[in-house]
>>> print(open('start18.pdb').read())   # PDB, C-alpha atoms, pLDDT in the B column
MODEL        1
ATOM      1  CA  ASP A   1       2.859  29.592  47.861  1.00 91.00           C
ATOM      2  CA  VAL A   2       6.123  28.652  46.172  1.00 94.00           C
ATOM      3  CA  LEU A   3       8.078  25.409  46.002  1.00 96.00           C
ATOM      4  CA  ARG A   4      11.678  25.730  44.854  1.00 95.00           C
ATOM      5  CA  ILE A   5      13.873  22.782  43.947  1.00 95.00           C
ATOM      6  CA  VAL A   6      17.461  23.737  44.676  1.00 95.00           C
ATOM      7  CA  ILE A   7      20.518  21.580  43.962  1.00 94.00           C
ATOM      8  CA  GLY A   8      23.798  22.978  45.214  1.00 93.00           C
ATOM      9  CA  ASN A   9      23.295  26.719  44.860  1.00 92.00           C
ATOM     10  CA  ASP A  10      21.182  26.440  41.681  1.00 92.00           C
ATOM     11  CA  THR A  11      17.413  26.797  41.728  1.00 92.00           C
ATOM     12  CA  MET A  12      16.492  24.189  39.116  1.00 94.00           C
ATOM     13  CA  MET A  13      12.714  24.616  39.147  1.00 95.00           C
ATOM     14  CA  GLN A  14      10.078  26.697  40.853  1.00 96.00           C
ATOM     15  CA  LEU A  15       6.375  25.921  41.245  1.00 96.00           C
ATOM     16  CA  SER A  16       4.163  28.887  42.111  1.00 96.00           C
ATOM     17  CA  GLU A  17       0.504  29.110  43.088  1.00 95.00           C
ATOM     18  CA  ASN A  18      -0.398  32.580  41.814  1.00 93.00           C
ATOM     19  CA  GLY A  19      -4.079  32.782  42.721  1.00 92.00           C
ATOM     20  CA  ASP A  20      -6.112  34.622  40.058  1.00 93.00           C
ATOM     21  CA  ASP A  21      -3.013  34.880  37.843  1.00 93.00           C
ATOM     22  CA  GLY A  22      -2.824  31.093  37.355  1.00 94.00           C
ATOM     23  CA  ASN A  23      -0.284  28.558  38.502  1.00 95.00           C
ATOM     24  CA  GLU A  24       3.201  28.420  37.055  1.00 95.00           C
ATOM     25  CA  ILE A  25       6.088  26.003  36.706  1.00 94.00           C
ATOM     26  CA  ASN A  26       9.338  27.754  35.837  1.00 95.00           C
ATOM     27  CA  PHE A  27      12.346  25.687  34.794  1.00 92.00           C
ATOM     28  CA  LEU A  28      14.556  28.772  35.086  1.00 91.00           C
ATOM     29  CA  SER A  29      17.937  28.017  33.454  1.00 88.00           C
ATOM     30  CA  SER A  30      17.179  24.292  33.054  1.00 90.00           C
ATOM     31  CA  CYS A  31      16.028  22.379  29.998  1.00 91.00           C
ATOM     32  CA  VAL A  32      13.307  19.747  29.888  1.00 92.00           C
ATOM     33  CA  GLY A  33      13.749  16.537  27.953  1.00 94.00           C
ATOM     34  CA  PHE A  34      11.978  13.263  27.279  1.00 95.00           C
ATOM     35  CA  THR A  35      13.245   9.743  26.818  1.00 97.00           C
ATOM     36  CA  GLN A  36      12.682   8.738  23.211  1.00 98.00           C
ATOM     37  CA  ILE A  37      10.840   5.412  22.965  1.00 97.00           C
ATOM     38  CA  GLU A  38      10.897   3.065  19.964  1.00 98.00           C
ATOM     39  CA  PRO A  39       7.501   1.412  19.418  1.00 98.00           C
ATOM     40  CA  THR A  40       7.373  -2.139  18.066  1.00 97.00           C
ATOM     41  CA  TYR A  41       6.527  -2.261  14.361  1.00 98.00           C
ATOM     42  CA  SER A  42       3.607  -4.401  13.215  1.00 97.00           C
ATOM     43  CA  SER A  43       2.182  -4.509   9.705  1.00 97.00           C
ATOM     44  CA  GLY A  44      -1.311  -4.852  11.202  1.00 97.00           C
ATOM     45  CA  THR A  45      -1.632  -2.437  14.126  1.00 98.00           C
ATOM     46  CA  THR A  46       1.348  -0.542  15.499  1.00 98.00           C
ATOM     47  CA  ASN A  47       0.736   1.128  18.854  1.00 98.00           C
ATOM     48  CA  VAL A  48       2.495   4.420  19.599  1.00 98.00           C
ATOM     49  CA  ASP A  49       1.893   4.889  23.305  1.00 98.00           C
ATOM     50  CA  PHE A  50       2.407   8.523  24.269  1.00 98.00           C
ATOM     51  CA  ARG A  51       1.450   7.741  27.883  1.00 98.00           C
ATOM     52  CA  PHE A  52       5.098   6.694  28.360  1.00 97.00           C
ATOM     53  CA  SER A  53       6.915   9.478  26.494  1.00 98.00           C
ATOM     54  CA  ASN A  54       6.123  12.513  24.366  1.00 98.00           C
ATOM     55  CA  LYS A  55       8.834  11.516  21.862  1.00 98.00           C
ATOM     56  CA  GLN A  56       8.751   8.317  19.783  1.00 98.00           C
ATOM     57  CA  PHE A  57      10.865   6.971  16.896  1.00 98.00           C
ATOM     58  CA  LEU A  58       9.358   4.229  14.733  1.00 98.00           C
ATOM     59  CA  THR A  59      11.112   2.459  11.857  1.00 98.00           C
ATOM     60  CA  PHE A  60       8.970   0.596   9.340  1.00 98.00           C
ATOM     61  CA  GLY A  61       9.550  -3.141   9.150  1.00 96.00           C
ATOM     62  CA  ALA A  62       9.098  -5.290   6.070  1.00 92.00           C
ATOM     63  CA  GLY A  63       5.840  -3.720   4.935  1.00 96.00           C
ATOM     64  CA  ASN A  64       3.183  -1.057   5.307  1.00 98.00           C
ATOM     65  CA  ILE A  65       1.249  -0.326   8.507  1.00 98.00           C
ATOM     66  CA  THR A  66      -2.485  -0.930   8.260  1.00 98.00           C
ATOM     67  CA  THR A  67      -3.309   0.985  11.462  1.00 98.00           C
ATOM     68  CA  LEU A  68      -1.073   3.313  13.434  1.00 98.00           C
ATOM     69  CA  ASN A  69      -2.803   3.621  16.808  1.00 98.00           C
ATOM     70  CA  CYS A  70      -1.735   6.663  18.855  1.00 98.00           C
ATOM     71  CA  ILE A  71      -2.571   6.278  22.543  1.00 98.00           C
ATOM     72  CA  PHE A  72      -2.628   9.553  24.478  1.00 98.00           C
ATOM     73  CA  PRO A  73      -2.547  10.351  28.231  1.00 98.00           C
ATOM     74  CA  THR A  74      -5.209  12.026  30.359  1.00 97.00           C
ATOM     75  CA  VAL A  75      -3.654  15.468  29.842  1.00 97.00           C
ATOM     76  CA  SER A  76      -3.469  17.714  26.789  1.00 98.00           C
ATOM     77  CA  GLY A  77      -0.059  18.154  25.251  1.00 97.00           C
ATOM     78  CA  ASN A  78       2.303  18.150  22.300  1.00 98.00           C
ATOM     79  CA  PHE A  79       3.664  14.814  21.072  1.00 98.00           C
ATOM     80  CA  VAL A  80       6.122  13.909  18.319  1.00 98.00           C
ATOM     81  CA  LEU A  81       6.578  10.771  16.206  1.00 98.00           C
ATOM     82  CA  LEU A  82       9.588  10.295  13.948  1.00 98.00           C
ATOM     83  CA  LEU A  83       8.649   7.782  11.270  1.00 98.00           C
ATOM     84  CA  LYS A  84      11.555   6.263   9.346  1.00 98.00           C
ATOM     85  CA  GLN A  85      11.430   4.241   6.148  1.00 98.00           C
ATOM     86  CA  ASP A  86      13.372   0.966   6.206  1.00 96.00           C
ATOM     87  CA  LEU A  87      16.123   0.016   3.746  1.00 95.00           C
ATOM     88  CA  SER A  88      13.521  -0.719   1.045  1.00 96.00           C
ATOM     89  CA  GLY A  89      11.322   2.349   1.487  1.00 96.00           C
ATOM     90  CA  SER A  90       7.900   2.767  -0.143  1.00 97.00           C
ATOM     91  CA  ARG A  91       6.108   2.108   3.186  1.00 98.00           C
ATOM     92  CA  THR A  92       2.796   3.759   4.031  1.00 98.00           C
ATOM     93  CA  VAL A  93       0.275   4.064   6.864  1.00 98.00           C
ATOM     94  CA  ALA A  94      -3.329   3.369   5.841  1.00 98.00           C
ATOM     95  CA  ASN A  95      -5.177   4.421   9.018  1.00 98.00           C
ATOM     96  CA  TRP A  96      -4.188   6.922  11.721  1.00 98.00           C
ATOM     97  CA  LYS A  97      -6.177   6.216  14.900  1.00 98.00           C
ATOM     98  CA  ALA A  98      -6.429   8.165  18.165  1.00 98.00           C
ATOM     99  CA  ALA A  99      -7.062   6.438  21.480  1.00 98.00           C
ATOM    100  CA  GLU A 100      -7.624   7.834  24.944  1.00 97.00           C
ATOM    101  CA  GLU A 101      -5.744   6.748  28.068  1.00 97.00           C
ATOM    102  CA  ASP A 102      -7.748   3.532  28.576  1.00 98.00           C
ATOM    103  CA  GLU A 103      -6.791   2.466  25.014  1.00 98.00           C
ATOM    104  CA  SER A 104     -10.352   2.820  23.699  1.00 98.00           C
ATOM    105  CA  ALA A 105     -11.083   4.946  20.622  1.00 98.00           C
ATOM    106  CA  ALA A 106     -11.014   8.666  21.433  1.00 98.00           C
ATOM    107  CA  ASP A 107     -14.561   9.936  21.981  1.00 98.00           C
ATOM    108  CA  GLY A 108     -14.021  13.234  20.141  1.00 98.00           C
ATOM    109  CA  SER A 109     -12.545  11.597  17.045  1.00 98.00           C
ATOM    110  CA  ALA A 110     -11.278   8.035  16.666  1.00 98.00           C
ATOM    111  CA  THR A 111      -9.017   9.197  13.822  1.00 98.00           C
ATOM    112  CA  VAL A 112      -6.219  11.770  13.851  1.00 98.00           C
ATOM    113  CA  LYS A 113      -7.304  15.072  12.284  1.00 98.00           C
ATOM    114  CA  PHE A 114      -4.563  16.208   9.892  1.00 98.00           C
ATOM    115  CA  ALA A 115      -4.122  19.708   8.497  1.00 95.00           C
ATOM    116  CA  GLY A 116      -5.893  20.005   5.144  1.00 95.00           C
ATOM    117  CA  GLY A 117      -8.348  17.222   5.996  1.00 96.00           C
ATOM    118  CA  SER A 118      -6.443  14.210   4.667  1.00 96.00           C
ATOM    119  CA  ASN A 119      -3.708  11.891   5.884  1.00 97.00           C
ATOM    120  CA  PRO A 120      -0.164  12.947   4.989  1.00 97.00           C
ATOM    121  CA  THR A 121       1.573  11.433   1.985  1.00 97.00           C
ATOM    122  CA  LEU A 122       4.690  10.055   3.606  1.00 98.00           C
ATOM    123  CA  THR A 123       8.144  10.244   2.090  1.00 97.00           C
ATOM    124  CA  THR A 124       8.826   6.807   0.623  1.00 96.00           C
ATOM    125  CA  ASP A 125      12.583   7.002  -0.090  1.00 97.00           C
ATOM    126  CA  ALA A 126      14.648   4.409   1.793  1.00 96.00           C
ATOM    127  CA  ASN A 127      15.943   5.581   5.198  1.00 96.00           C
ATOM    128  CA  HIS A 128      14.198   8.975   5.012  1.00 98.00           C
ATOM    129  CA  VAL A 129      12.387  10.319   8.065  1.00 98.00           C
ATOM    130  CA  ASP A 130       9.092  12.173   8.425  1.00 98.00           C
ATOM    131  CA  ILE A 131       8.172  13.979  11.627  1.00 98.00           C
ATOM    132  CA  ILE A 132       4.527  13.818  12.671  1.00 98.00           C
ATOM    133  CA  SER A 133       3.589  16.344  15.368  1.00 98.00           C
ATOM    134  CA  PHE A 134       0.395  15.953  17.361  1.00 98.00           C
ATOM    135  CA  TYR A 135      -1.561  18.240  19.632  1.00 98.00           C
ATOM    136  CA  TRP A 136      -3.738  16.090  21.893  1.00 98.00           C
ATOM    137  CA  ASP A 137      -6.807  17.930  23.182  1.00 98.00           C
ATOM    138  CA  ALA A 138      -7.637  15.758  26.193  1.00 98.00           C
ATOM    139  CA  ASP A 139     -10.784  17.742  27.063  1.00 98.00           C
ATOM    140  CA  ASN A 140     -12.426  16.985  23.705  1.00 98.00           C
ATOM    141  CA  GLU A 141     -10.385  13.837  22.947  1.00 98.00           C
ATOM    142  CA  ILE A 142      -9.164  14.949  19.524  1.00 98.00           C
ATOM    143  CA  ALA A 143      -5.656  14.469  18.120  1.00 98.00           C
ATOM    144  CA  TYR A 144      -4.557  17.123  15.609  1.00 98.00           C
ATOM    145  CA  GLY A 145      -1.623  16.163  13.383  1.00 98.00           C
ATOM    146  CA  VAL A 146       0.864  17.970  11.152  1.00 98.00           C
ATOM    147  CA  ALA A 147       3.537  16.287   9.033  1.00 98.00           C
ATOM    148  CA  THR A 148       6.992  17.694   8.310  1.00 98.00           C
ATOM    149  CA  LEU A 149       8.338  15.549   5.524  1.00 98.00           C
ATOM    150  CA  ASP A 150      11.500  14.207   3.919  1.00 97.00           C
ATOM    151  CA  PHE A 151      14.470  14.460   6.229  1.00 97.00           C
ATOM    152  CA  GLN A 152      17.326  12.870   4.251  1.00 92.00           C
ATOM    153  CA  PHE A 153      20.444  11.051   5.362  1.00 78.00           C
TER     154      PHE A 153
ENDMDL
END
>>> encode(input="start18.pdb", output="structure tokens")
Amino acid sequence: DVLRIVIGNDTMMQLSENGDDGNEINFLSSCVGFTQIEPTYSSGTTNVDFRFSNKQFLTFGAGNITTLNCIFPTVSGNFVLLLKQDLSGSRTVANWKAAEEDESAADGSATVKFAGGSNPTLTTDANHVDIISFYWDADNEIAYGVATLDFQF
């Protein structure tokens, strides 16, 4: 079984049920994008809700973040958070939390598991950006994180 989405004379996407070979979605010569959302900063708990987009851009406000709470959807996937220092810089995140789709603490691990076993040391220069990439394992409810640091402007 195949479902093709054709616009004009271009096949934009094809969904195939391939039996024992697995199912497939092929975007052919199309690209896939996400709307970038900007979460609301809070010095207490800032929610980054990946149920609404895989891409988020958060700028620190006038202080540190005590808890950055990442809320993930019911499916496994890759998610990206750009975290930008404000004009003052020197901002940090104390706690990185992982929540499942109903906003409760993730059963597998209520905290994000970062490479090396400890939270990243963020770049603290004013206006610099760090990129935090997550793999959300929805089956085991564990968020794995990796930081790519110090993008300068």
>>> resolve_selection(input="start18.pdb", expression="the PyMOL selection byres ((chain A and resi 75) around 9)", output="ChimeraX atom specification")
/A:72-74,76-77,136-139
>>> atom_distance(input="start18.pdb", atom1="CA of Leu87 (chain A)", atom2="CA of Leu68 (chain A)")
20.0 Å
>>> closest_residue(input="start18.pdb", among="A:His128, A:Arg51, A:Arg91, A:Lys84", to="Asp150 (chain A)", atoms="only C-alpha atoms")
A:His128
>>> residues_around(input="start18.pdb", residues="Asp10 (chain A)", least_positions_apart="5", cutoff="10 Å", atoms="all atoms listed in the file", output="number ranges by chain")
A: 5, 28-30
>>> atom_distance(input="start18.pdb", atom1="CA of Tyr41 (chain A)", atom2="CA of Ile142 (chain A)")
23.9 Å
>>> atom_distance(input="start18.pdb", atom1="CA of Ala99 (chain A)", atom2="CA of Leu149 (chain A)")
24.0 Å
>>> resolve_selection(input="start18.pdb", expression="the PyMOL selection byres ((chain A and resi 47) around 7)", output="PyMOL selection string")
chain A and resi 39+45-46+48-49+68-70
>>> resolve_selection(input="start18.pdb", expression="the PyMOL selection byres ((chain A and resi 132) around 12)", output="number ranges by chain")
A: 48, 54-58, 68, 70, 78-84, 96, 112-115, 119-123, 129-131, 133-135, 143-151
>>> closest_residue(input="start18.pdb", among="A:Thr124, A:Gln36, A:Asn18, A:Ser53", to="Asp86 (chain A)", atoms="all atoms listed in the file")
A:Thr124
>>> residues_around(input="start18.pdb", residues="Val32 (chain A)", least_positions_apart="5", cutoff="12 Å", atoms="all atoms listed in the file", output="list in words")
Met12, Met13, Ile25, Asn26, Phe27 and Asn54 of chain A
>>> decode(input="start18.pdb", residues="region 118-131 of chain A", atoms="all heavy atoms", output="mmCIF file, in the first residue's frame")
data_model
loop_
_atom_site.group_PDB
_atom_site.id
_atom_site.type_symbol
_atom_site.label_atom_id
_atom_site.label_comp_id
_atom_site.auth_asym_id
_atom_site.auth_seq_id
_atom_site.Cartn_x
_atom_site.Cartn_y
_atom_site.Cartn_z
ATOM 1 N N SER A 118 27.226 14.788 34.007
ATOM 2 C CA SER A 118 26.920 16.009 34.754
ATOM 3 C C SER A 118 26.329 17.065 33.818
ATOM 4 O O SER A 118 26.536 17.019 32.603
ATOM 5 C CB SER A 118 28.168 16.553 35.452
ATOM 6 O OG SER A 118 29.169 16.848 34.515
ATOM 7 N N ASN A 119 25.605 17.996 34.415
ATOM 8 C CA ASN A 119 24.983 19.062 33.630
ATOM 9 C C ASN A 119 26.049 19.878 32.908
ATOM 10 O O ASN A 119 27.157 20.045 33.417
ATOM 11 C CB ASN A 119 24.165 19.980 34.540
ATOM 12 C CG ASN A 119 22.973 19.277 35.137
ATOM 13 O OD1 ASN A 119 22.583 18.199 34.705
ATOM 14 N ND2 ASN A 119 22.381 19.882 36.138
ATOM 15 N N PRO A 120 25.719 20.417 31.735
ATOM 16 C CA PRO A 120 26.708 21.206 31.003
ATOM 17 C C PRO A 120 27.020 22.520 31.724
ATOM 18 O O PRO A 120 26.168 23.081 32.404
ATOM 19 C CB PRO A 120 26.023 21.481 29.663
ATOM 20 C CG PRO A 120 24.560 21.397 29.958
ATOM 21 C CD PRO A 120 24.432 20.359 31.042
ATOM 22 N N THR A 121 28.239 22.978 31.571
ATOM 23 C CA THR A 121 28.621 24.307 32.031
ATOM 24 C C THR A 121 28.353 25.258 30.875
ATOM 25 O O THR A 121 29.063 25.243 29.873
ATOM 26 C CB THR A 121 30.106 24.346 32.441
ATOM 27 O OG1 THR A 121 30.309 23.381 33.488
ATOM 28 C CG2 THR A 121 30.497 25.731 32.921
ATOM 29 N N LEU A 122 27.314 26.047 31.018
ATOM 30 C CA LEU A 122 26.891 26.919 29.929
ATOM 31 C C LEU A 122 27.877 28.047 29.693
ATOM 32 O O LEU A 122 28.577 28.487 30.604
ATOM 33 C CB LEU A 122 25.511 27.509 30.242
ATOM 34 C CG LEU A 122 24.380 26.505 30.438
ATOM 35 C CD1 LEU A 122 23.106 27.223 30.848
ATOM 36 C CD2 LEU A 122 24.161 25.685 29.176
ATOM 37 N N THR A 123 27.903 28.536 28.463
ATOM 38 C CA THR A 123 28.664 29.731 28.137
ATOM 39 C C THR A 123 27.991 30.909 28.826
ATOM 40 O O THR A 123 26.770 31.046 28.758
ATOM 41 C CB THR A 123 28.652 29.964 26.617
ATOM 42 O OG1 THR A 123 29.160 28.794 25.980
ATOM 43 C CG2 THR A 123 29.485 31.175 26.241
ATOM 44 N N THR A 124 28.751 31.746 29.510
ATOM 45 C CA THR A 124 28.142 32.825 30.278
ATOM 46 C C THR A 124 28.406 34.216 29.697
ATOM 47 O O THR A 124 27.993 35.215 30.287
ATOM 48 C CB THR A 124 28.631 32.785 31.746
ATOM 49 O OG1 THR A 124 30.051 32.808 31.753
ATOM 50 C CG2 THR A 124 28.127 31.537 32.445
ATOM 51 N N ASP A 125 29.054 34.305 28.539
ATOM 52 C CA ASP A 125 29.281 35.608 27.909
ATOM 53 C C ASP A 125 27.952 36.173 27.405
ATOM 54 O O ASP A 125 27.106 35.434 26.886
ATOM 55 C CB ASP A 125 30.243 35.482 26.733
ATOM 56 C CG ASP A 125 31.642 35.071 27.166
ATOM 57 O OD1 ASP A 125 31.989 35.285 28.340
ATOM 58 O OD2 ASP A 125 32.380 34.528 26.324
ATOM 59 N N ALA A 126 27.782 37.485 27.538
ATOM 60 C CA ALA A 126 26.560 38.154 27.097
ATOM 61 C C ALA A 126 26.272 37.850 25.630
ATOM 62 O O ALA A 126 27.170 37.834 24.790
ATOM 63 C CB ALA A 126 26.691 39.662 27.304
ATOM 64 N N ASN A 127 25.001 37.567 25.346
ATOM 65 C CA ASN A 127 24.482 37.320 23.994
ATOM 66 C C ASN A 127 25.013 36.058 23.314
ATOM 67 O O ASN A 127 24.708 35.836 22.148
ATOM 68 C CB ASN A 127 24.722 38.525 23.071
ATOM 69 C CG ASN A 127 23.864 39.702 23.451
ATOM 70 O OD1 ASN A 127 22.686 39.539 23.749
ATOM 71 N ND2 ASN A 127 24.441 40.876 23.471
ATOM 72 N N HIS A 128 25.771 35.229 23.974
ATOM 73 C CA HIS A 128 26.244 33.989 23.360
ATOM 74 C C HIS A 128 25.152 32.917 23.461
ATOM 75 O O HIS A 128 24.301 32.959 24.344
ATOM 76 C CB HIS A 128 27.528 33.510 24.027
ATOM 77 C CG HIS A 128 28.715 34.349 23.661
ATOM 78 N ND1 HIS A 128 29.955 33.813 23.453
ATOM 79 C CD2 HIS A 128 28.864 35.678 23.447
ATOM 80 C CE1 HIS A 128 30.817 34.762 23.142
ATOM 81 N NE2 HIS A 128 30.167 35.911 23.141
ATOM 82 N N VAL A 129 25.214 31.963 22.552
ATOM 83 C CA VAL A 129 24.190 30.927 22.456
ATOM 84 C C VAL A 129 24.816 29.543 22.624
ATOM 85 O O VAL A 129 25.873 29.260 22.059
ATOM 86 C CB VAL A 129 23.464 31.007 21.086
ATOM 87 C CG1 VAL A 129 22.509 29.841 20.905
ATOM 88 C CG2 VAL A 129 22.720 32.329 20.945
ATOM 89 N N ASP A 130 24.159 28.705 23.400
ATOM 90 C CA ASP A 130 24.493 27.291 23.511
ATOM 91 C C ASP A 130 23.343 26.498 22.895
ATOM 92 O O ASP A 130 22.180 26.887 23.006
ATOM 93 C CB ASP A 130 24.667 26.875 24.973
ATOM 94 C CG ASP A 130 25.847 27.558 25.640
ATOM 95 O OD1 ASP A 130 26.846 27.829 24.952
ATOM 96 O OD2 ASP A 130 25.761 27.824 26.852
ATOM 97 N N ILE A 131 23.678 25.404 22.240
ATOM 98 C CA ILE A 131 22.666 24.532 21.664
ATOM 99 C C ILE A 131 22.635 23.242 22.466
ATOM 100 O O ILE A 131 23.654 22.556 22.606
ATOM 101 C CB ILE A 131 22.940 24.230 20.178
ATOM 102 C CG1 ILE A 131 22.932 25.530 19.362
ATOM 103 C CG2 ILE A 131 21.910 23.241 19.637
ATOM 104 C CD1 ILE A 131 23.296 25.351 17.906
#
